[in-house]
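File shown: entry.tsv (TSV, C-alpha atoms).
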chain	number	residue	atom	x	y	z
B	22	MET	CA	-4.25	20.46	9.81
B	23	SER	CA	-4.81	20.02	6.11
B	24	TYR	CA	-7.52	21.78	4.09
B	25	PRO	CA	-9.70	21.13	1.01
B	26	ARG	CA	-7.66	22.16	-2.03
B	27	ARG	CA	-10.67	22.64	-4.28
B	28	GLY	CA	-12.45	25.93	-4.84
B	29	VAL	CA	-11.08	29.45	-4.82
B	30	HIS	CA	-10.25	29.34	-1.12
B	31	GLY	CA	-8.16	26.20	-1.60
B	32	GLU	CA	-6.44	27.63	-4.65
B	33	VAL	CA	-5.39	30.78	-2.78
B	34	VAL	CA	-4.13	28.82	0.24
B	35	GLU	CA	-2.22	26.42	-1.99
B	36	ASP	CA	-0.52	29.06	-4.12
B	37	LEU	CA	0.25	31.52	-1.33
B	38	GLY	CA	1.40	28.77	1.02
B	39	ARG	CA	3.80	27.40	-1.58
B	40	ARG	CA	5.16	30.87	-2.29
B	41	ILE	CA	5.71	31.67	1.39
B	42	VAL	CA	7.47	28.39	2.11
B	43	GLY	CA	9.47	28.71	-1.09
B	44	GLY	CA	10.75	32.16	-0.11
B	45	ASP	CA	9.13	34.01	-3.00
B	46	PRO	CA	10.21	37.66	-2.57
B	47	GLU	CA	6.64	38.75	-3.24
B	48	ALA	CA	5.39	36.54	-0.40
B	49	THR	CA	7.65	37.78	2.41
B	50	GLY	CA	7.41	40.60	4.91
B	51	ASN	CA	4.07	42.40	5.00
B	52	LEU	CA	1.14	41.14	2.93
B	53	ASP	CA	-1.55	43.45	1.57
B	54	PRO	CA	-4.94	41.63	1.65
B	55	ALA	CA	-6.34	44.04	-0.94
B	56	GLU	CA	-3.44	43.32	-3.27
B	57	LEU	CA	-3.89	39.59	-2.71
B	58	GLY	CA	-7.53	39.94	-3.67
B	59	ARG	CA	-6.54	41.62	-6.92
B	60	ARG	CA	-3.78	39.11	-7.61
B	61	TYR	CA	-6.05	36.11	-7.20
B	62	GLN	CA	-9.19	37.90	-8.40
B	63	VAL	CA	-11.15	36.86	-5.34
B	64	SER	CA	-13.25	38.63	-2.72
B	65	HIS	CA	-12.00	40.07	0.55
B	66	THR	CA	-13.83	37.24	2.34
B	67	VAL	CA	-11.89	34.59	0.42
B	68	VAL	CA	-8.59	36.32	1.18
B	69	ARG	CA	-9.48	36.64	4.87
B	70	GLU	CA	-10.37	32.95	5.16
B	71	ALA	CA	-7.24	31.90	3.26
B	72	LEU	CA	-5.08	33.97	5.60
B	73	LYS	CA	-6.82	32.40	8.60
B	74	THR	CA	-5.91	28.96	7.25
B	75	LEU	CA	-2.28	29.99	6.76
B	76	ALA	CA	-2.25	31.59	10.22
B	77	ALA	CA	-3.32	28.27	11.72
B	78	LYS	CA	-0.22	26.76	10.10
B	79	GLY	CA	1.97	29.44	11.67
B	80	LEU	CA	2.88	31.04	8.35
B	81	VAL	CA	1.23	34.43	8.77
B	82	ASP	CA	-0.09	36.69	11.50
B	83	ALA	CA	-1.85	40.05	11.80
B	84	ARG	CA	-1.25	42.77	14.38
B	85	PRO	CA	-2.72	46.23	14.95
B	86	LYS	CA	-0.68	48.93	13.18
B	87	ARG	CA	1.63	46.32	11.63
B	88	GLY	CA	-0.97	44.62	9.46
B	89	THR	CA	-0.68	41.12	7.98
B	90	PHE	CA	2.83	39.68	7.72
B	91	VAL	CA	4.74	36.45	7.11
B	92	ARG	CA	6.08	35.01	10.35
B	93	PRO	CA	9.73	33.94	10.77
B	94	ARG	CA	10.47	30.40	9.64
B	95	ASN	CA	11.24	29.21	13.17
B	96	GLU	CA	7.62	30.00	14.09
B	97	TRP	CA	6.05	27.96	11.28
B	98	SER	CA	4.22	24.72	12.07
B	99	LEU	CA	6.83	22.61	10.28
B	100	LEU	CA	5.04	19.37	11.19
B	101	ASP	CA	1.87	20.48	9.44
B	102	PRO	CA	1.27	18.10	6.47
B	103	ASP	CA	0.76	20.95	4.00
B	104	VAL	CA	3.83	22.84	5.17
B	105	LEU	CA	5.84	19.63	4.81
B	106	ARG	CA	4.49	19.14	1.30
B	107	TRP	CA	5.19	22.73	0.29
B	108	ARG	CA	8.65	22.48	1.80
B	109	PHE	CA	9.42	19.42	-0.29
B	110	THR	CA	8.13	21.07	-3.45
B	111	GLN	CA	10.01	24.32	-3.00
B	112	ARG	CA	13.25	23.39	-1.27
B	113	GLY	CA	16.04	21.11	-2.40
B	114	ASP	CA	14.81	17.52	-2.62
B	115	LEU	CA	17.95	16.16	-0.96
B	116	ASP	CA	17.48	18.39	2.09
B	117	MET	CA	13.93	17.15	2.52
B	118	LEU	CA	14.85	13.51	1.98
B	119	ARG	CA	17.61	13.84	4.60
B	120	ASP	CA	15.21	15.34	7.14
B	121	LEU	CA	12.65	12.65	6.41
B	122	ALA	CA	15.21	9.88	6.79
B	123	GLU	CA	16.22	11.21	10.21
B	124	VAL	CA	12.61	11.34	11.43
B	125	ARG	CA	11.88	7.86	10.14
B	126	SER	CA	15.03	6.44	11.75
B	127	VAL	CA	13.73	7.58	15.14
B	128	VAL	CA	10.04	6.75	14.81
B	129	GLU	CA	9.62	3.69	12.62
B	130	PRO	CA	11.98	1.17	14.26
B	131	ALA	CA	10.31	1.90	17.60
B	132	GLY	CA	6.94	1.64	15.91
B	133	ALA	CA	7.79	-1.74	14.41
B	134	ARG	CA	8.88	-3.01	17.83
B	135	LEU	CA	5.64	-1.92	19.47
B	136	ALA	CA	3.59	-3.33	16.58
B	137	ALA	CA	5.21	-6.74	17.06
B	138	GLU	CA	4.29	-6.64	20.74
B	139	ARG	CA	0.71	-5.41	20.36
B	140	ARG	CA	-0.59	-6.34	16.89
B	141	THR	CA	-3.94	-8.02	16.54
B	142	GLU	CA	-5.04	-10.49	13.87
B	143	GLN	CA	-6.86	-7.62	12.18
B	144	ASP	CA	-3.66	-5.54	12.13
B	145	VAL	CA	-1.73	-8.38	10.51
B	146	ALA	CA	-4.44	-8.95	7.91
B	147	ALA	CA	-4.46	-5.26	7.01
B	148	LEU	CA	-0.67	-5.21	6.64
B	149	GLU	CA	-0.80	-8.32	4.45
B	150	SER	CA	-3.40	-6.65	2.25
B	151	ALA	CA	-1.26	-3.53	1.88
B	152	LEU	CA	1.77	-5.63	0.95
B	153	ARG	CA	-0.23	-7.47	-1.71
B	154	ARG	CA	-1.34	-4.12	-3.15
B	155	MET	CA	2.29	-3.03	-3.28
B	156	ALA	CA	3.15	-6.13	-5.29
B	157	ASP	CA	0.16	-5.74	-7.60
B	158	THR	CA	0.91	-2.08	-8.37
B	159	ALA	CA	4.67	-2.26	-8.90
B	160	ALA	CA	4.28	-0.88	-12.44
B	161	ASP	CA	2.10	2.07	-11.36
B	162	PRO	CA	4.13	4.67	-9.36
B	163	VAL	CA	1.06	6.48	-8.01
B	164	ALA	CA	-0.84	3.38	-6.88
B	165	HIS	CA	2.38	1.79	-5.60
B	166	THR	CA	3.11	4.86	-3.49
B	167	GLU	CA	-0.41	4.79	-2.03
B	168	ALA	CA	0.02	1.13	-1.10
B	169	ASP	CA	3.41	1.83	0.48
B	170	LEU	CA	1.93	4.70	2.49
B	171	SER	CA	-0.88	2.45	3.63
B	172	PHE	CA	1.61	-0.15	4.87
B	173	HIS	CA	3.49	2.41	6.96
B	174	ARG	CA	0.30	3.93	8.35
B	175	LEU	CA	-1.04	0.53	9.31
B	176	LEU	CA	2.23	-0.39	10.98
B	177	LEU	CA	2.00	2.65	13.27
B	178	ALA	CA	-1.69	1.92	13.87
B	179	ALA	CA	-0.68	-1.58	15.00
B	180	THR	CA	1.27	-0.01	17.89
B	181	HIS	CA	-2.06	0.92	19.49
B	182	ASN	CA	-0.35	4.03	20.83
B	183	GLU	CA	-2.40	7.13	20.10
B	184	ILE	CA	0.60	9.46	20.09
B	185	MET	CA	2.55	7.17	17.78
B	186	GLU	CA	-0.43	6.95	15.46
B	187	CYS	CA	-0.55	10.74	15.22
B	188	LEU	CA	2.97	10.72	13.78
B	189	GLU	CA	1.73	8.87	10.69
B	190	VAL	CA	0.32	12.13	9.37
B	191	VAL	CA	3.76	13.71	9.35
B	192	ILE	CA	5.55	10.65	7.99
B	193	ALA	CA	2.91	10.06	5.32
B	194	ALA	CA	3.03	13.62	4.03
B	195	ALA	CA	6.78	13.52	3.50
B	196	LEU	CA	6.98	9.84	2.55
B	197	SER	CA	4.49	10.45	-0.25
B	198	ALA	CA	6.79	13.02	-1.83
B	199	ARG	CA	9.83	10.80	-1.36
B	200	ASP	CA	8.15	7.74	-2.86
B	201	ARG	CA	6.98	9.57	-5.94
B	202	LEU	CA	10.61	10.35	-6.71
B	203	VAL	CA	11.97	6.90	-5.93
B	204	HIS	CA	9.21	4.79	-7.50
B	205	SER	CA	9.01	6.90	-10.66
B	206	SER	CA	12.13	5.10	-11.84
B	207	GLY	CA	10.55	1.66	-11.41
B	208	GLU	CA	10.52	-0.97	-8.67
B	209	ARG	CA	13.65	-0.92	-6.55
B	210	PRO	CA	15.66	-4.10	-5.86
B	211	GLY	CA	14.96	-5.44	-2.39
B	212	PHE	CA	11.98	-3.15	-1.85
B	213	ALA	CA	9.43	-5.95	-1.49
B	214	ALA	CA	11.75	-8.16	0.56
B	215	THR	CA	12.45	-5.51	3.20
B	216	HIS	CA	8.75	-4.84	3.70
B	217	GLN	CA	8.01	-8.57	3.85
B	218	ALA	CA	10.65	-8.99	6.56
B	219	VAL	CA	8.98	-6.32	8.68
B	220	LEU	CA	5.59	-7.95	8.23
B	221	ASP	CA	6.93	-11.42	9.07
B	222	ALA	CA	8.51	-10.19	12.30
B	223	VAL	CA	5.35	-8.33	13.32
B	224	ARG	CA	3.21	-11.36	12.53
B	225	ASP	CA	5.56	-13.58	14.57
B	226	GLY	CA	5.41	-11.20	17.52
B	227	ASP	CA	9.21	-10.76	17.52
B	228	PRO	CA	10.01	-7.16	18.60
B	229	ASP	CA	13.78	-7.46	18.11
B	230	ALA	CA	13.39	-8.86	14.60
B	231	ALA	CA	10.76	-6.25	13.73
B	232	GLU	CA	12.99	-3.38	14.81
B	233	SER	CA	15.96	-4.87	12.98
B	234	ALA	CA	13.90	-5.44	9.81
B	235	MET	CA	12.66	-1.85	9.87
B	236	ARG	CA	16.21	-0.56	10.21
B	237	ALA	CA	17.18	-2.69	7.22
B	238	LEU	CA	14.24	-1.24	5.28
B	239	LEU	CA	15.36	2.29	6.12
B	240	ASP	CA	18.94	1.48	5.13
B	241	GLN	CA	17.63	0.30	1.77
B	242	ALA	CA	15.58	3.48	1.44
B	243	GLY	CA	18.73	5.49	2.08
B	244	ARG	CA	20.55	3.67	-0.69
B	245	ASP	CA	17.63	4.26	-3.06
B	246	GLU	CA	17.70	7.97	-2.30
B	247	ALA	CA	21.46	8.15	-2.76
B	248	SER	CA	21.07	6.74	-6.27
B	249	LEU	CA	18.59	9.41	-7.40
Taking this structure as input, can you express it in the form of structure tokens?
Amino acid sequence: MSYPRRGVHGEVVEDLGRRIVGGDPEATGNLDPAELGRRYQVSHTVVREALKTLAAKGLVDARPKRGTFVRPRNEWSLLDPDVLRWRFTQRGDLDMLRDLAEVRSVVEPAGARLAAERRTEQDVAALESALRRMADTAADPVAHTEADLSFHRLLLAATHNEIMECLEVVIAAALSARDRLVHSSGERPGFAATHQAVLDAVRDGDPDAAESAMRALLDQAGRDEASL
């Protein structure tokens, strides 16, 4: 689960979370809550609540006699949106983009197929609106990324599969970081056409074409990433 980033609590969670995920030597092993309070100049209550938030993400734990400590990486909630975001910020971009591409290659073609089978008129209208926003914001990387994210969220929503819809949180968190890199260099050739092909297939109710169009979109995304 994500958390409000504003206020002192949010600031402590954000900074400490980034440092833990990034492998900061001062944010490994045992953590001293009193020292954290001095470092961030916040009360014991703020530190305790921040650690609770990070514990919910699997990053830290507290045990009698051992105290508060950073948990091993294999115990982290790696699908948590904030952990994904911190991972992208702190680790090599290419590693994160590779992991993202692999997840998308499994989830999104299947999602496009289901969307073509189950979409409603309202789903199609929402996807059309998102695609128009993408075209209108091509010169604005931030707005363009938001429109792209909306398209992919709406596509999974059009599957009308509650489990599939839950995956949009994970994909959106990582896709946002990926898009800000890719779109910062301007609109990519073929970007609009690949998304339009997915929409057309979903609108036509053609599952095979929708899956194929999504795979083509992901192939294009891979080429964009390789050129960074």
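Straight-line separation from atom CA of Arg125 of chain B to atom CA of Leu75 of chain B: 26.5 Å.
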Restricting the calculation to all atoms listed in the file, which member of B:Val145, B:Ile41, B:Leu72, B:Leu239 is positioned closest to Pro93 of chain B?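 When distances to Pro93 of chain B are compared using all atoms listed in the file, the smallest one comes from B:Ile41.
Using only C-alpha atoms, the smallest distance between any of B:Gln217, B:Thr141, B:Thr66, B:Thr89 and Ala179 of chain B comes from B:Thr141.
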I need the residue nearest Glu232 of chain B from this list: B:Gly44, B:Gly79, B:Pro130, B:Gly31. Use all atoms listed in the file for the distance.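 Ranking B:Gly44, B:Gly79, B:Pro130, B:Gly31 by distance to Glu232 of chain B, first place goes to B:Pro130.
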Just give me the gap between atom CA of Ala160 of chain B and atom CA of Leu196 of chain B in Å, one decimal is fine.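 Those two atoms sit 18.6 Å apart.
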What does the distance between atom CA of His30 of chain B and atom CA of Val68 of chain B come to in Å, to one decimal place? 7.5 Å
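Between Leu80 of chain B and the candidates B:Arg40, B:Arg119, B:His181, B:Arg134, the tightest atom-to-atom separation, counting all atoms listed in the file, involves B:Arg40.
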List the residues sitting within 7 Å of (7.3, -6.8, -1.6) in the file's frame, using all atoms listed in the file, as a list of chain:residue names.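 Nearby residues: B:Leu152, B:Met155, B:Ala156, B:Phe212, B:Ala213, B:Ala214, B:His216, B:Gln217.
You can rank B:Leu99, B:Leu105, B:Leu52, B:Ala137 by their closest distance to Asp227 of chain B using only C-alpha atoms, and at the top of that list sits B:Ala137.
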